[in-house]
Amino acid sequence: MGVLDDIIVGVREDLAERQAARSIAELADVVAALPPARDPMPAFRAPGLSVIAEVKRSSPSKGALAAIPDPAALAADYARGGAAAISVLTEARRFGGSLADLVAVRAAVSTPLLRKDFIVSDYQLWEARAAGADLALLIVAALSDAELARLSALAAELGLTALVEVHTPEETRRAVDAGAALIGVNNRNLQTLAVDLGQFEALAGLIPNDRVKVAESGISGVADVERVASAGADVILVGEALVKQGDPAASVAEFIAAGSAAQAR
């Protein structure tokens, strides 16, 4: 069993507990009272590089990264730095996150929010929207074509923008064929945890230019930002490099400037 498979086993166990405590009907009542979700796509399609800045306490590959006692304060720093969206990891076992983090961040910022988790059921999309998310991650490696189509359709119905994540040429084809408008190339192999920025360079050309291309994972500094921006990234998703910095707002702004300059060359 690879790392992704192992994570999903735990995700399903935790999901069953939450479903037993709160019905979809209850979540639907919450969602019905919310204002419309924020659309991140105009910012992502605008000239220049966009940054999705991540609230990330730990990871399976690196262990503990940062305590982040106040995720709302970190998110406010990201927003001040110009982040086009903020990703909040809500998976508990490997990443130390929770839906409570997402709720806290939603109360603190008006920036579009991504629920970053291993979404395998309709229930998780209802949860995401009820907690204030505007985007949700769908990992192609974790889903069949039918599941990807169903979850993409439900996300759209709920007003959520789906970030459809790929790792291989075949997964990229599946995402494109599914009509995904926002496609993320994860430079980390979720079964082995190996990272290679060449992954984005290899797969970006398989994504039509009318889709928004996101480079995820392994972006640790300005040189990496410039590399993926030059290879066609419209957006980067960065967590570790930001949570370990003393001034996350300045780091976000630096990455935006560097990537935008690289795109213009």
# chains A, B, ... in the order shown; residues from 1 in each chain; ligands from 1
$ closest_atom_pairs --of "region 114-141 of chain A" --to "region 1-13 of chain A" --cutoff "9 Å" --atoms "only C-alpha atoms" --output "Markdown table"
| residue | atom | partner | partner_atom | distance |
| --- | --- | --- | --- | --- |
| A:Asp117 | CA | A:Val11 | CA | 8.8 |
| A:Phe118 | CA | A:Ile8 | CA | 6.7 |
| A:Ile119 | CA | A:Val11 | CA | 8.5 |
| A:Val120 | CA | A:Arg12 | CA | 8.1 |
| A:Ala141 | CA | A:Leu4 | CA | 8.6 |
$ write_last_selection --atoms "N, CA, C and O atoms" --output "short mmCIF file (atom, residue, chain, number, x, y, z; two decimals), in the first residue's frame"
data_model
loop_
_atom_site.label_atom_id
_atom_site.label_comp_id
_atom_site.auth_asym_id
_atom_site.auth_seq_id
_atom_site.Cartn_x
_atom_site.Cartn_y
_atom_site.Cartn_z
N ASP A 117 -7.72 18.57 1.26
CA ASP A 117 -7.96 17.31 1.95
C ASP A 117 -8.02 16.21 0.89
O ASP A 117 -7.83 16.47 -0.30
N PHE A 118 -8.31 15.03 1.33
CA PHE A 118 -8.39 13.87 0.44
C PHE A 118 -9.88 13.57 0.28
O PHE A 118 -10.46 12.77 1.04
N ILE A 119 -10.49 14.22 -0.68
CA ILE A 119 -11.94 14.19 -0.82
C ILE A 119 -12.36 12.99 -1.67
O ILE A 119 -11.96 12.86 -2.83
N VAL A 120 -13.16 12.14 -1.04
CA VAL A 120 -13.60 10.92 -1.72
C VAL A 120 -15.12 10.75 -1.65
O VAL A 120 -15.65 9.75 -2.12
N ALA A 141 -5.75 10.73 -8.69
CA ALA A 141 -5.22 9.42 -8.32
C ALA A 141 -6.10 8.70 -7.32
O ALA A 141 -6.04 7.47 -7.19
#
$ select_by_dssp --residues "region 38-227 of chain A" --states "alpha helix (DSSP H)" --output "MDAnalysis selection string"
chainID A and resid 41:45 71:81 99:108 122:130 145:158 169:177 198:203 222:227
$ residues_around --residues "region 223-240 of chain A" --least-positions-apart "3" --cutoff "6 Å" --atoms "only C-alpha atoms" --output "mmCIF file with N, CA, C and O atoms, in the first residue's frame"
data_model
loop_
_atom_site.group_PDB
_atom_site.id
_atom_site.type_symbol
_atom_site.label_atom_id
_atom_site.label_comp_id
_atom_site.auth_asym_id
_atom_site.auth_seq_id
_atom_site.Cartn_x
_atom_site.Cartn_y
_atom_site.Cartn_z
ATOM 1 N N LEU A 49 1.746 36.069 -11.842
ATOM 2 C CA LEU A 49 1.643 34.803 -11.107
ATOM 3 C C LEU A 49 0.780 34.988 -9.865
ATOM 4 O O LEU A 49 0.945 35.952 -9.122
ATOM 5 N N SER A 50 -0.140 34.053 -9.642
ATOM 6 C CA SER A 50 -0.949 34.044 -8.424
ATOM 7 C C SER A 50 -0.372 33.034 -7.440
ATOM 8 O O SER A 50 0.204 32.015 -7.838
ATOM 9 N N VAL A 51 -0.558 33.314 -6.167
ATOM 10 C CA VAL A 51 -0.093 32.410 -5.114
ATOM 11 C C VAL A 51 -1.283 31.923 -4.296
ATOM 12 O O VAL A 51 -2.100 32.724 -3.836
ATOM 13 N N ILE A 52 -1.367 30.589 -4.129
ATOM 14 C CA ILE A 52 -2.239 29.990 -3.123
ATOM 15 C C ILE A 52 -1.329 29.658 -1.952
ATOM 16 O O ILE A 52 -0.443 28.800 -2.056
ATOM 17 N N ALA A 53 -1.501 30.364 -0.846
ATOM 18 C CA ALA A 53 -0.645 30.200 0.330
ATOM 19 C C ALA A 53 -1.330 29.255 1.313
ATOM 20 O O ALA A 53 -2.523 29.388 1.588
ATOM 21 N N GLU A 54 -0.555 28.321 1.857
ATOM 22 C CA GLU A 54 -1.151 27.217 2.604
ATOM 23 C C GLU A 54 -0.886 27.274 4.108
ATOM 24 O O GLU A 54 0.234 27.523 4.548
ATOM 25 N N LYS A 56 -0.330 25.037 6.884
ATOM 26 C CA LYS A 56 0.130 23.643 6.894
ATOM 27 C C LYS A 56 1.032 23.394 8.096
ATOM 28 O O LYS A 56 2.134 23.935 8.173
ATOM 29 N N GLU A 201 7.070 20.662 -15.321
ATOM 30 C CA GLU A 201 7.590 20.975 -16.654
ATOM 31 C C GLU A 201 7.162 19.929 -17.671
ATOM 32 O O GLU A 201 6.868 20.253 -18.824
ATOM 33 N N LYS A 213 -3.226 26.603 -14.896
ATOM 34 C CA LYS A 213 -2.217 25.615 -14.503
ATOM 35 C C LYS A 213 -1.600 26.004 -13.166
ATOM 36 O O LYS A 213 -1.088 27.104 -13.001
ATOM 37 N N VAL A 214 -1.633 25.053 -12.242
ATOM 38 C CA VAL A 214 -1.124 25.279 -10.897
ATOM 39 C C VAL A 214 0.055 24.347 -10.636
ATOM 40 O O VAL A 214 -0.050 23.139 -10.850
ATOM 41 N N ALA A 215 1.155 24.902 -10.161
ATOM 42 C CA ALA A 215 2.305 24.093 -9.741
ATOM 43 C C ALA A 215 2.234 23.917 -8.232
ATOM 44 O O ALA A 215 2.165 24.900 -7.486
ATOM 45 N N GLU A 216 2.260 22.660 -7.785
ATOM 46 C CA GLU A 216 2.118 22.348 -6.367
ATOM 47 C C GLU A 216 3.324 21.555 -5.870
ATOM 48 O O GLU A 216 3.820 20.683 -6.570
ATOM 49 N N ILE A 219 8.210 23.792 -4.003
ATOM 50 C CA ILE A 219 8.608 25.171 -4.313
ATOM 51 C C ILE A 219 9.138 25.792 -3.029
ATOM 52 O O ILE A 219 8.374 26.158 -2.130
ATOM 53 N N VAL A 243 5.281 28.727 5.820
ATOM 54 C CA VAL A 243 5.041 28.579 7.266
ATOM 55 C C VAL A 243 6.348 28.592 8.050
ATOM 56 O O VAL A 243 6.355 28.877 9.254
ATOM 57 N N GLY A 259 7.690 35.403 -9.769
ATOM 58 C CA GLY A 259 6.991 34.614 -10.774
ATOM 59 C C GLY A 259 6.427 35.454 -11.898
ATOM 60 O O GLY A 259 6.469 35.053 -13.062
ATOM 61 N N ALA A 262 9.205 36.372 -14.185
ATOM 62 C CA ALA A 262 9.623 35.219 -15.004
ATOM 63 C C ALA A 262 8.637 34.965 -16.134
ATOM 64 O O ALA A 262 9.040 34.627 -17.261
ATOM 65 N N GLN A 263 7.354 35.120 -15.859
ATOM 66 C CA GLN A 263 6.347 34.937 -16.916
ATOM 67 C C GLN A 263 6.520 35.950 -18.043
ATOM 68 O O GLN A 263 6.272 35.646 -19.203
#
$ closest_residue --among "A:Ala249, A:Val166, A:Val222, A:Ala72" --to "Ala204 (chain A)" --atoms "only C-alpha atoms"
A:Val166
$ closest_residue --among "A:Ala149, A:Met41, A:Ala64, A:Leu193" --to "Asp134 (chain A)" --atoms "only C-alpha atoms"
A:Met41
$ residues_around --residues "Leu151 (chain A)" --least-positions-apart "4" --cutoff "7 Å" --atoms "only C-alpha atoms" --output "JSON, numbers by chain"
{"A": [122, 147, 155]}
$ write_last_selection --atoms "N, CA, C and O atoms" --output "PDB file, in the first residue's frame"
ATOM      1  N   ASP A 122     -19.266  12.834  -1.404  1.00  0.00           N
ATOM      2  CA  ASP A 122     -20.108  14.028  -1.485  1.00  0.00           C
ATOM      3  C   ASP A 122     -20.119  14.768  -0.152  1.00  0.00           C
ATOM      4  O   ASP A 122     -20.106  16.005  -0.110  1.00  0.00           O
ATOM      5  N   GLU A 147     -16.310   8.894 -10.250  1.00  0.00           N
ATOM      6  CA  GLU A 147     -16.249   9.669  -9.006  1.00  0.00           C
ATOM      7  C   GLU A 147     -15.796  11.101  -9.279  1.00  0.00           C
ATOM      8  O   GLU A 147     -16.342  12.056  -8.714  1.00  0.00           O
ATOM      9  N   ALA A 155     -19.433  19.855  -6.776  1.00  0.00           N
ATOM     10  CA  ALA A 155     -18.680  21.059  -6.412  1.00  0.00           C
ATOM     11  C   ALA A 155     -19.253  22.271  -7.131  1.00  0.00           C
ATOM     12  O   ALA A 155     -19.503  23.324  -6.518  1.00  0.00           O
TER      13      ALA A 155
END
$ closest_residue --among "A:Ala250, A:Ala33, A:Ala261, A:Ala178" --to "Asp77 (chain A)" --atoms "only C-alpha atoms"
A:Ala250
$ atom_distance --atom1 "CA of Ala257 (chain A)" --atom2 "CA of Gly82 (chain A)"
10.3 Å
$ residues_around --residues "region 18-20 of chain A" --least-positions-apart "5" --cutoff "12 Å" --atoms "only C-alpha atoms" --output "MDAnalysis selection string"
chainID A and resid 11:13 25:27 98:99 121:124 126:127
$ write_last_selection --atoms "N, CA and C atoms" --output "mmCIF file, in the first residue's frame"
data_model
loop_
_atom_site.group_PDB
_atom_site.id
_atom_site.type_symbol
_atom_site.label_atom_id
_atom_site.label_comp_id
_atom_site.auth_asym_id
_atom_site.auth_seq_id
_atom_site.Cartn_x
_atom_site.Cartn_y
_atom_site.Cartn_z
ATOM 1 N N VAL A 11 -8.656 8.685 6.321
ATOM 2 C CA VAL A 11 -9.644 9.705 5.976
ATOM 3 C C VAL A 11 -11.046 9.123 6.023
ATOM 4 N N ARG A 12 -11.219 7.924 5.492
ATOM 5 C CA ARG A 12 -12.554 7.306 5.482
ATOM 6 C C ARG A 12 -13.019 6.963 6.897
ATOM 7 N N GLU A 13 -12.091 6.550 7.751
ATOM 8 C CA GLU A 13 -12.467 6.250 9.135
ATOM 9 C C GLU A 13 -12.929 7.515 9.853
ATOM 10 N N ALA A 25 -28.171 16.704 5.601
ATOM 11 C CA ALA A 25 -29.302 17.631 5.692
ATOM 12 C C ALA A 25 -28.958 18.815 6.596
ATOM 13 N N GLU A 26 -28.241 18.543 7.695
ATOM 14 C CA GLU A 26 -27.829 19.634 8.584
ATOM 15 C C GLU A 26 -26.818 20.539 7.889
ATOM 16 N N LEU A 27 -25.883 19.936 7.171
ATOM 17 C CA LEU A 27 -24.902 20.726 6.429
ATOM 18 C C LEU A 27 -25.588 21.567 5.357
ATOM 19 N N SER A 98 -7.692 20.602 10.575
ATOM 20 C CA SER A 98 -9.076 20.327 10.964
ATOM 21 C C SER A 98 -10.001 21.307 10.259
ATOM 22 N N LEU A 99 -11.278 20.959 10.232
ATOM 23 C CA LEU A 99 -12.270 21.891 9.710
ATOM 24 C C LEU A 99 -12.367 23.134 10.585
ATOM 25 N N SER A 121 -15.822 11.734 -1.071
ATOM 26 C CA SER A 121 -17.272 11.575 -0.913
ATOM 27 C C SER A 121 -17.983 12.912 -1.052
ATOM 28 N N ASP A 122 -19.266 12.834 -1.404
ATOM 29 C CA ASP A 122 -20.108 14.028 -1.485
ATOM 30 C C ASP A 122 -20.119 14.768 -0.152
ATOM 31 N N TYR A 123 -20.157 14.019 0.937
ATOM 32 C CA TYR A 123 -20.259 14.611 2.266
ATOM 33 C C TYR A 123 -19.145 15.628 2.505
ATOM 34 N N GLN A 124 -17.935 15.312 2.077
ATOM 35 C CA GLN A 124 -16.808 16.217 2.320
ATOM 36 C C GLN A 124 -16.959 17.541 1.576
ATOM 37 N N TRP A 126 -19.923 18.983 0.947
ATOM 38 C CA TRP A 126 -20.905 19.713 1.750
ATOM 39 C C TRP A 126 -20.228 20.298 2.994
ATOM 40 N N GLU A 127 -19.376 19.512 3.641
ATOM 41 C CA GLU A 127 -18.617 19.997 4.799
ATOM 42 C C GLU A 127 -17.773 21.220 4.433
#
$ residues_around --residues "Pro36 (chain A)" --least-positions-apart "2" --cutoff "8 Å" --atoms "only C-alpha atoms" --output "NGL selection string"
:A and (34 or 38 or 159)
$ write_last_selection --atoms "N, CA, C and O atoms" --output "JSON list (two decimals), in the first residue's frame"
[["chain", "number", "residue", "atom", "x", "y", "z"],
["A", 34, "LEU", "N", -25.62, 30.58, 3.66],
["A", 34, "LEU", "CA", -24.36, 31.27, 3.38],
["A", 34, "LEU", "C", -24.46, 32.19, 2.16],
["A", 34, "LEU", "O", -25.25, 31.93, 1.24],
["A", 38, "ARG", "N", -16.85, 32.57, -3.11],
["A", 38, "ARG", "CA", -15.99, 33.50, -3.84],
["A", 38, "ARG", "C", -15.35, 32.77, -5.02],
["A", 38, "ARG", "O", -14.89, 31.64, -4.86],
["A", 159, "GLY", "N", -21.16, 25.72, -5.75],
["A", 159, "GLY", "CA", -20.43, 26.96, -5.96],
["A", 159, "GLY", "C", -18.94, 26.85, -5.68],
["A", 159, "GLY", "O", -18.23, 27.86, -5.68]]
$ select_by_dssp --residues "region 33-200 of chain A" --states "strand (DSSP E or B)" --output "NGL selection string"
:A and (50-55 or 58-59 or 63-64 or 85-89 or 113-116 or 135-139 or 161-166 or 182-186 or 188 or 195)
$ atom_distance --atom1 "CA of Lys244 (chain A)" --atom2 "CA of Ile256 (chain A)"
17.7 Å
$ closest_residue --among "A:Arg94, A:Arg106, A:His167, A:Arg80" --to "Ala253 (chain A)" --atoms "only C-alpha atoms"
A:Arg80
$ closest_residue --among "A:Gly81, A:Pro208, A:Gly184, A:Pro42" --to "Leu137 (chain A)" --atoms "only C-alpha atoms"
A:Gly184
$ residues_around --residues "Val103 (chain A)" --least-positions-apart "2" --cutoff "10 Å" --atoms "only C-alpha atoms" --output "VMD selection string"
chain A and resid 71 to 72 88 98 to 101 105 to 108 128 130 to 133
